[in-house]
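Worksheet for the structure shown next.
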Amino acid sequence: MPGPGSRAPDIAFKWVAALAASMIIVLIVLVGWQLYAGSRMSLSKFGPSFLWSSEWDPVQDKYGALPFIFGTLVSSLLALLIAVPLGVATAIFLTELAPQKLRQPIVMAIEMLAAVPSVIFGLWGIFVLIPWLRDHLFVWLRHYFGFLPLFQGPIYGVSMLAAGIVVAIMILPIITSISREILRSVPNLQREAAYALGATRWEVLKIAVLSYARRGLFGAAVLGLGRALGETMAVTMVIGNRPQISASLFAPGYTLASVIANEFTEATSDLYLNSLFELGLVLMGVAIMVNIAAQVMLKSMTGSGPIKVN
Amino acid sequence: MSTLPEAPSARASSDPIRVATTPNSAATAGLPVENEEVAFDIRNFSLWYGQRQALVDVTIKIPARKVTAIIGPSGCGKSTFLRALNRMHELTPGTRLEGSLRHFGSDLYGPGVEAVSIRRRVGMVFQKSNPFPTMSIAENVLVGLRLNGVRDKAVLQERLEKSLHMAALWDEVKDHLNRPGTSLSGGQQQRLCIARSLAVQPETLLMDEPCSALDPLATAKIEELIQTLRQEYTVVIVTHNMQQAARCSDRTAFFYMGKLIEFGNTRNMFTNPGNPQTEAYVSGRFG
């Protein structure tokens with residue numbers, strides 16, 4: 001038996017924790033390896049041109065990833081563009097402005113939004129959102145902003161924009177709750193410093209709260225983007241599933257995750273299956289690259305760097 | 001403010017040591033000059049946090065261009081009193097007050113008076129230094145002016161130098177004004193915060209235990225600085241350090257359980273207090 005002063009439990013705990021941490025790295029390597037192994041045939045057949053070929057023709061056994069990369073990035077960025085302002089504004093309301101009584105109910109509602117399964121959002125998208133977009137919002141957008149290539153072309157309902165909106169709703173909870181934690185971590189002393197200078201509530205928000213929290217808020221957006229990139233089910237149900245690249249947000253698209261989910265069971269040839277695996281590899285690569293880019297951007301906006309007040 | 005002061009109950013008046021707050025009593029003994037300029041004219045001022053009364057019927061005239069120290073044991077309401085002077089207590093929900101507070105003649109709580117405009121005239125320095133971490137030294141000093149819409153480069157530069165000189169920080173930072181404010185030492189950061197408050201040219205500066213987080217050397221610098229500030233500004237300083245009050249103030253107000261027990265010349269207060277309770281506190285027998 002180890003005595004009370006023994007370091008044995010200490011050392012054992014250290015190794016257990018280290019093992020748990022190393023599992024994460026092992027898992028990433030294994031997933032990457034599996035994707036690589038499963039896509040070896042298409043990798044050797046198409047080479048790097050797989051990345052910029054837009055052809056996706058199972059009949060002739062020709063495959064390219066570009067429309068899916070495009071669809072994934074565009075739908076995710078659209079979602080981010082909608083969800084970040086909404087989420088941050090909600091977080092600001094919850095931490096700075098809302099009366100105490102209102103805060104808890106709103107937080108609970110946001111948590112419930114996070115608990116809704118993906119497929120429910122898809123169904124809602126198909127039966128509620130898309131008809132409304134098709135008959136109202138899209139028509140309105142085309143009427144007033146039709147001079148932009150973004151809002152031209154035929155309206156089907158299922159579209160890149162529909163996917164962006166649905167994904168935005170799905171990543172809203174995580175962006176809101178992380179932003180809220182970030183804003184709550186801003187010391188009250190910072191707010192008081194600004195108030196004591198005669199700042200209005202809006203000015204306090206600007207000079208004391210948001211500038212203090214901007215790195216954290218950026219991090220919240222990146223986490224939301226990570227979710228959006230991999231979102232599969234709801235996107236598949238509303239994006240239209242057509243591998244094409246169009247400037248119009250009304251046009252259907254296709255994402256990396258959706259095509260894998262949709263076509264995995266019907267992959268009739270080995271090369272087809274290999275190409276789907278390679279899409280998985282590309283998706284992982286895109287996600288990792290987005291994260292690295294975010295890290296680099298985060299470094300460049302290090303909190304100590306002076307910013308302009310106005 | 002996280003720590004609410006202890007609420008004096010109705011029983012407070014039956015405290016073994018009787019308290020006197022009426023203007024005619026010992027509370028105002030030792031006030032020498034009749035016609036000196038008054039910065040804060042406060043009458044029958046009471047304040048509640050929800051149900052708990054934090055300040056009871058305070059009547060006091062704080063002189064202009066002098067240093068007034070506010071002392072008293074923890075929870076006596078001294079911080080609350082200070083924060084009411086520029087309406088910072090309003091950031092705590094559920095406060096309520098009665099009485100009249102005038103700052104150089106104008107009613108602090110009059111109808112249509114904005115807390116924002118009060119705080120531009122009555123600045124505040126806090127217990128812990130709180131420079132804005134994303135701003136440089138220069139931007140920290142000038143942020144209040146920018147809020148007021150001052151754009152003129154020459155004015156900004158002049159005010160930057162003057163405020164840092166006033167805060168006795170200029171010589172230490174003049175060569176790296178673009179470094180982050182948080183790169184300074186604790187004492188320097190506190191002086192930076194003082195410079196930030198002075199830059200908007202307030203009439204009065206409130207200090208809430210400004211040295212409690214500083215070492216003796218940094219404390220000495222701030223106390224020295226307070227001595228120079230009194231030539232242009234009215235300074236009201238809350239401190240739990242009685243030596244500090246004795247060293248750097250002209251007047252001292254002693255608060256206990258939300259009441260102003262005694263107010264007078266600092267020297268009198270410490271050598272010959274008019275109230276037994278004050279004597280007990282300043283001689284270290286309680287508090």
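To be explicit about the labels: the chains of the structure tokens are called A, B, and onward in the order shown, and within each one the residues are counted from 1, while ligands get numbers from 1 in the order they are shown.
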
Can you list every residue of stretch 126-221 of chain A that has an atom at most 10 Å from stretch 135-154 of chain B, with its nearest atom pair and the distance in Å to one decimal, using only C-alpha atoms, ordered by chain then number, as a Markdown table?
| residue | atom | partner | partner_atom | distance |
| --- | --- | --- | --- | --- |
| A:Ala194 | CA | B:Gly144 | CA | 8.1 |
| A:Tyr195 | CA | B:Gly144 | CA | 10.0 |
| A:Ala196 | CA | B:Gly144 | CA | 9.3 |
| A:Leu197 | CA | B:Gly144 | CA | 5.6 |
| A:Gly198 | CA | B:Gly144 | CA | 7.5 |
| A:Ala199 | CA | B:Leu147 | CA | 6.9 |
| A:Thr200 | CA | B:Leu147 | CA | 9.2 |
| A:Glu203 | CA | B:Leu147 | CA | 7.7 |
| A:Ile207 | CA | B:Val143 | CA | 8.4 |
| A:Ser211 | CA | B:Met135 | CA | 9.0 |
| A:Tyr212 | CA | B:Met135 | CA | 9.6 |

Which residues are near B:Leu97? Cut-off 10 Å, only C-alpha atoms, ignore same chain within fewer than 2 positions. Put them as a PyMOL selection string. chain B and resi 45-49+53-56+84+95+99-100+109

Just the selected residues (N, CA and C atoms), exported as a tab-separated table (two decimals), in the first residue's frame, please.
chain	number	residue	atom	x	y	z
B	45	PHE	N	-29.79	63.10	3.07
B	45	PHE	CA	-29.66	62.13	1.99
B	45	PHE	C	-29.71	60.72	2.56
B	46	SER	N	-30.68	59.94	2.06
B	46	SER	CA	-30.80	58.53	2.45
B	46	SER	C	-30.82	57.68	1.19
B	47	LEU	N	-30.31	56.45	1.30
B	47	LEU	CA	-30.27	55.59	0.12
B	47	LEU	C	-30.59	54.16	0.53
B	48	TRP	N	-31.37	53.49	-0.30
B	48	TRP	CA	-31.76	52.10	-0.03
B	48	TRP	C	-31.33	51.20	-1.19
B	49	TYR	N	-30.85	50.00	-0.83
B	49	TYR	CA	-30.72	48.91	-1.82
B	49	TYR	C	-31.90	47.99	-1.58
B	53	GLN	N	-31.52	49.78	4.02
B	53	GLN	CA	-31.09	51.17	3.97
B	53	GLN	C	-29.58	51.24	4.15
B	54	ALA	N	-28.90	51.84	3.19
B	54	ALA	CA	-27.44	51.89	3.24
B	54	ALA	C	-26.94	53.23	3.77
B	55	LEU	N	-27.69	54.29	3.54
B	55	LEU	CA	-27.30	55.61	4.04
B	55	LEU	C	-28.50	56.24	4.73
B	56	VAL	N	-28.24	56.84	5.90
B	56	VAL	CA	-29.33	57.38	6.71
B	56	VAL	C	-29.13	58.88	6.93
B	84	ALA	N	-22.80	57.59	-5.05
B	84	ALA	CA	-24.00	58.40	-5.26
B	84	ALA	C	-23.63	59.79	-5.77
B	95	THR	N	-31.96	50.49	-6.50
B	95	THR	CA	-31.61	51.50	-5.50
B	95	THR	C	-32.65	52.61	-5.51
B	99	GLY	N	-33.67	62.94	-0.45
B	99	GLY	CA	-32.82	64.04	-0.01
B	99	GLY	C	-32.34	64.86	-1.17
B	100	SER	N	-31.49	65.83	-0.87
B	100	SER	CA	-31.04	66.73	-1.92
B	100	SER	C	-29.53	66.70	-2.05
B	109	TYR	N	-29.74	65.17	-8.98
B	109	TYR	CA	-30.83	64.25	-9.28
B	109	TYR	C	-32.07	64.99	-9.76

Applying 9 Å and only C-alpha atoms, which residues near B:His89 remain after dropping the ones on its own chain fewer than 6 positions away? List them as number ranges by chain. B: 1, 80-83, 95

Write a file of the just-selected residues containing N, CA, C and O atoms, as a PDB file, in the first residue's frame.
ATOM      1  N   MET B   1     -21.769  47.054  -7.920  1.00  0.00           N
ATOM      2  CA  MET B   1     -21.048  46.813  -6.677  1.00  0.00           C
ATOM      3  C   MET B   1     -21.535  45.509  -6.093  1.00  0.00           C
ATOM      4  O   MET B   1     -22.714  45.276  -5.964  1.00  0.00           O
ATOM      5  N   THR B  80     -20.815  53.517  -1.001  1.00  0.00           N
ATOM      6  CA  THR B  80     -22.139  53.851  -1.526  1.00  0.00           C
ATOM      7  C   THR B  80     -22.307  55.358  -1.632  1.00  0.00           C
ATOM      8  O   THR B  80     -22.778  55.884  -2.642  1.00  0.00           O
ATOM      9  N   PHE B  81     -21.872  56.041  -0.564  1.00  0.00           N
ATOM     10  CA  PHE B  81     -21.967  57.500  -0.556  1.00  0.00           C
ATOM     11  C   PHE B  81     -21.186  58.087  -1.726  1.00  0.00           C
ATOM     12  O   PHE B  81     -21.679  58.931  -2.475  1.00  0.00           O
ATOM     13  N   LEU B  82     -19.954  57.591  -1.896  1.00  0.00           N
ATOM     14  CA  LEU B  82     -19.116  58.119  -2.973  1.00  0.00           C
ATOM     15  C   LEU B  82     -19.767  57.900  -4.330  1.00  0.00           C
ATOM     16  O   LEU B  82     -19.803  58.796  -5.176  1.00  0.00           O
ATOM     17  N   ARG B  83     -20.284  56.692  -4.526  1.00  0.00           N
ATOM     18  CA  ARG B  83     -20.860  56.357  -5.830  1.00  0.00           C
ATOM     19  C   ARG B  83     -22.139  57.140  -6.107  1.00  0.00           C
ATOM     20  O   ARG B  83     -22.516  57.326  -7.267  1.00  0.00           O
ATOM     21  N   THR B  95     -31.962  50.488  -6.497  1.00  0.00           N
ATOM     22  CA  THR B  95     -31.613  51.497  -5.498  1.00  0.00           C
ATOM     23  C   THR B  95     -32.646  52.611  -5.515  1.00  0.00           C
ATOM     24  O   THR B  95     -33.300  52.855  -6.527  1.00  0.00           O
TER      25      THR B  95
END

Ranking A:Gln104, A:Asn188, A:Ser53, A:Ser22 by minimum distance to chain B and counting only C-alpha atoms, which one comes first?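 Among the listed residues, the smallest separation from chain B belongs to A:Asn188.
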
Which residues of chain B sit at most 9 Å from chain A, using only C-alpha atoms? Give each one's shortest atom pair and distance in Å (one decimal place), in chain and ascending residue order, as CSV.
residue,atom,partner,partner_atom,distance
B:Met1,CA,A:Asn188,CA,8.7
B:Asn86,CA,A:Ala196,CA,7.9
B:Met88,CA,A:Ala196,CA,7.2
B:Leu91,CA,A:Glu192,CA,8.5
B:Ala115,CA,A:Gly198,CA,7.6
B:Val116,CA,A:Gly198,CA,4.5
B:Ser117,CA,A:Gly198,CA,6.2
B:Ile118,CA,A:Gly198,CA,7.3
B:Arg119,CA,A:Gly198,CA,4.7
B:Arg120,CA,A:Gly198,CA,4.8
B:Arg121,CA,A:Gly198,CA,8.3
B:Val122,CA,A:Ala196,CA,8.0
B:Gly123,CA,A:Ala196,CA,5.9
B:Met124,CA,A:Ala196,CA,5.7
B:Val125,CA,A:Ala193,CA,8.0
B:Phe126,CA,A:Ala193,CA,8.0
B:Lys128,CA,A:Leu189,CA,8.0
B:Ser129,CA,A:Leu189,CA,8.6
B:Asn130,CA,A:Gln190,CA,6.1
B:Pro131,CA,A:Gln190,CA,7.6
B:Phe132,CA,A:Ala208,CA,6.7
B:Pro133,CA,A:Ser304,CA,6.2
B:Thr134,CA,A:Ser304,CA,5.2
B:Met135,CA,A:Pro306,CA,4.4
B:Ser136,CA,A:Pro306,CA,5.1
B:Ile137,CA,A:Pro306,CA,8.9
B:Glu139,CA,A:Val309,CA,7.6
B:Val143,CA,A:Val309,CA,7.0
B:Gly144,CA,A:Leu197,CA,5.6
B:Leu145,CA,A:Leu197,CA,8.9
B:Arg146,CA,A:Val309,CA,7.5
B:Leu147,CA,A:Ala199,CA,6.9
B:Asn148,CA,A:Gly198,CA,8.7
B:Asn178,CA,A:Pro306,CA,7.6
B:Arg179,CA,A:Pro306,CA,7.8
B:Pro180,CA,A:Ser304,CA,5.7
B:Gly181,CA,A:Ser304,CA,8.5
B:Thr182,CA,A:Ser304,CA,7.8
B:Ser183,CA,A:Ser304,CA,8.5
B:Cys193,CA,A:Ala193,CA,8.5
B:Arg196,CA,A:Leu197,CA,8.2
B:Ser197,CA,A:Leu197,CA,6.6
B:Val200,CA,A:Leu197,CA,7.7

Any idea what's packed within 9 Å of B:Gln227, counting only C-alpha atoms, ignoring anything in its chain fewer than 5 positions away? Could you give it as a PyMOL selection string? chain B and resi 67+222+248-249

Let me make sure I understand: among B:Cys76, B:Leu229, B:Val235, B:Ile261, which one has the smallest atom-to-atom distance to B:Ala168 if we use only C-alpha atoms? B:Leu229

Can you tell me which residues surround B:Gln231 at a distance of at most 12 Å, considering only C-alpha atoms, apart from same-chain residues fewer than 2 positions away, and format the answer as a list in words? Ala64, Arg65, Lys66, Val67, Met166, Glu203, Thr204, Leu225, Ile226, Gln227, Thr228, Leu229, Tyr233, Thr234 and Val235 of chain B

Could you save those same residues with N, CA, C and O atoms as a compact mmCIF listing (two decimals), in the first residue's frame?
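Final file, result_30.txt:
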# COMPACT_ATOMS: atom_id res chain seq x y z
N ALA B 64 -14.90 72.83 -1.91
CA ALA B 64 -14.28 72.78 -3.23
C ALA B 64 -12.77 72.92 -3.10
O ALA B 64 -12.26 73.57 -2.17
N ARG B 65 -12.05 72.32 -4.05
CA ARG B 65 -10.58 72.38 -4.11
C ARG B 65 -9.92 72.04 -2.78
O ARG B 65 -9.01 72.71 -2.32
N LYS B 66 -10.46 71.02 -2.17
CA LYS B 66 -9.84 70.46 -0.97
C LYS B 66 -9.94 68.95 -1.10
O LYS B 66 -10.70 68.44 -1.94
N VAL B 67 -9.17 68.25 -0.28
CA VAL B 67 -9.27 66.80 -0.28
C VAL B 67 -10.10 66.39 0.92
O VAL B 67 -9.78 66.72 2.06
N MET B 166 -0.19 65.89 -14.98
CA MET B 166 -0.97 66.01 -13.75
C MET B 166 -0.93 64.70 -12.97
O MET B 166 -0.87 64.70 -11.74
N GLU B 203 -14.78 68.65 -12.68
CA GLU B 203 -14.61 69.60 -11.59
C GLU B 203 -14.20 68.88 -10.32
O GLU B 203 -13.53 69.44 -9.46
N THR B 204 -14.63 67.63 -10.24
CA THR B 204 -14.42 66.86 -9.03
C THR B 204 -13.93 65.47 -9.39
O THR B 204 -14.32 64.91 -10.40
N LEU B 225 0.44 62.77 -5.55
CA LEU B 225 -0.35 63.27 -6.66
C LEU B 225 -1.63 63.94 -6.18
O LEU B 225 -2.03 65.00 -6.68
N ILE B 226 -2.25 63.34 -5.17
CA ILE B 226 -3.50 63.91 -4.64
C ILE B 226 -3.24 65.32 -4.12
O ILE B 226 -4.07 66.22 -4.27
N GLN B 227 -2.07 65.51 -3.52
CA GLN B 227 -1.72 66.84 -3.00
C GLN B 227 -1.68 67.89 -4.10
O GLN B 227 -2.11 69.02 -3.91
N THR B 228 -1.16 67.50 -5.28
CA THR B 228 -1.11 68.48 -6.36
C THR B 228 -2.49 68.68 -6.99
O THR B 228 -2.82 69.75 -7.47
N LEU B 229 -3.30 67.62 -6.97
CA LEU B 229 -4.62 67.71 -7.60
C LEU B 229 -5.51 68.74 -6.92
O LEU B 229 -6.30 69.41 -7.55
N TYR B 233 -8.65 70.69 -8.39
CA TYR B 233 -9.83 69.85 -8.34
C TYR B 233 -10.31 69.67 -6.91
O TYR B 233 -9.55 69.77 -5.97
N THR B 234 -11.60 69.34 -6.83
CA THR B 234 -12.14 68.86 -5.56
C THR B 234 -11.92 67.35 -5.55
O THR B 234 -12.26 66.68 -6.52
N VAL B 235 -11.32 66.84 -4.49
CA VAL B 235 -11.07 65.40 -4.42
C VAL B 235 -11.82 64.82 -3.23
O VAL B 235 -11.74 65.35 -2.12

Where does DSSP see alpha helix (DSSP H) in stretch 28-243 of chain B, if you list the residues as JSON, numbers by chain? {"B": [78, 79, 80, 81, 82, 83, 84, 115, 116, 117, 118, 119, 120, 121, 137, 138, 139, 140, 141, 142, 143, 144, 145, 146, 147, 153, 154, 155, 156, 157, 158, 159, 160, 161, 162, 163, 164, 165, 166, 170, 171, 172, 173, 186, 187, 188, 189, 190, 191, 192, 193, 194, 195, 196, 197, 198, 199, 216, 217, 218, 219, 220, 221, 222, 223, 224, 225, 226, 227, 228, 229, 242, 243]}

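Taking only C-alpha atoms into account, A:Gly32 lies nearest to A:Ile288 out of the set A:Met233, A:Ile288, A:Ile110, A:Leu148.
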
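Non-sequential neighbours of stretch 79-94 of chain A (distance at most 7 Å, separation of 5 or more positions within a chain, only C-alpha atoms) are A:Arg103, A:Gly164, A:Ile165, A:Val167, A:Ala168, A:Ile169, A:Ile171, A:Leu172, A:Ile175, A:Thr176, A:Ser179, A:Arg180, A:Ala221, A:Leu225.
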
List as a PyMOL selection string the protein and nucleic acid residues near stretch 35-44 of chain B, meaning an atom at most 7 Å away when only C-alpha atoms are counted, but skip any in the same chain fewer than 5 places from it. chain B and resi 57-64+99-104

Mind pulling up the distance from atom CA of A:Gln152 to atom CA of A:Ile126?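 Value for the atom CA of A:Ile126-atom CA of A:Gln152 distance: 21.6 Å.
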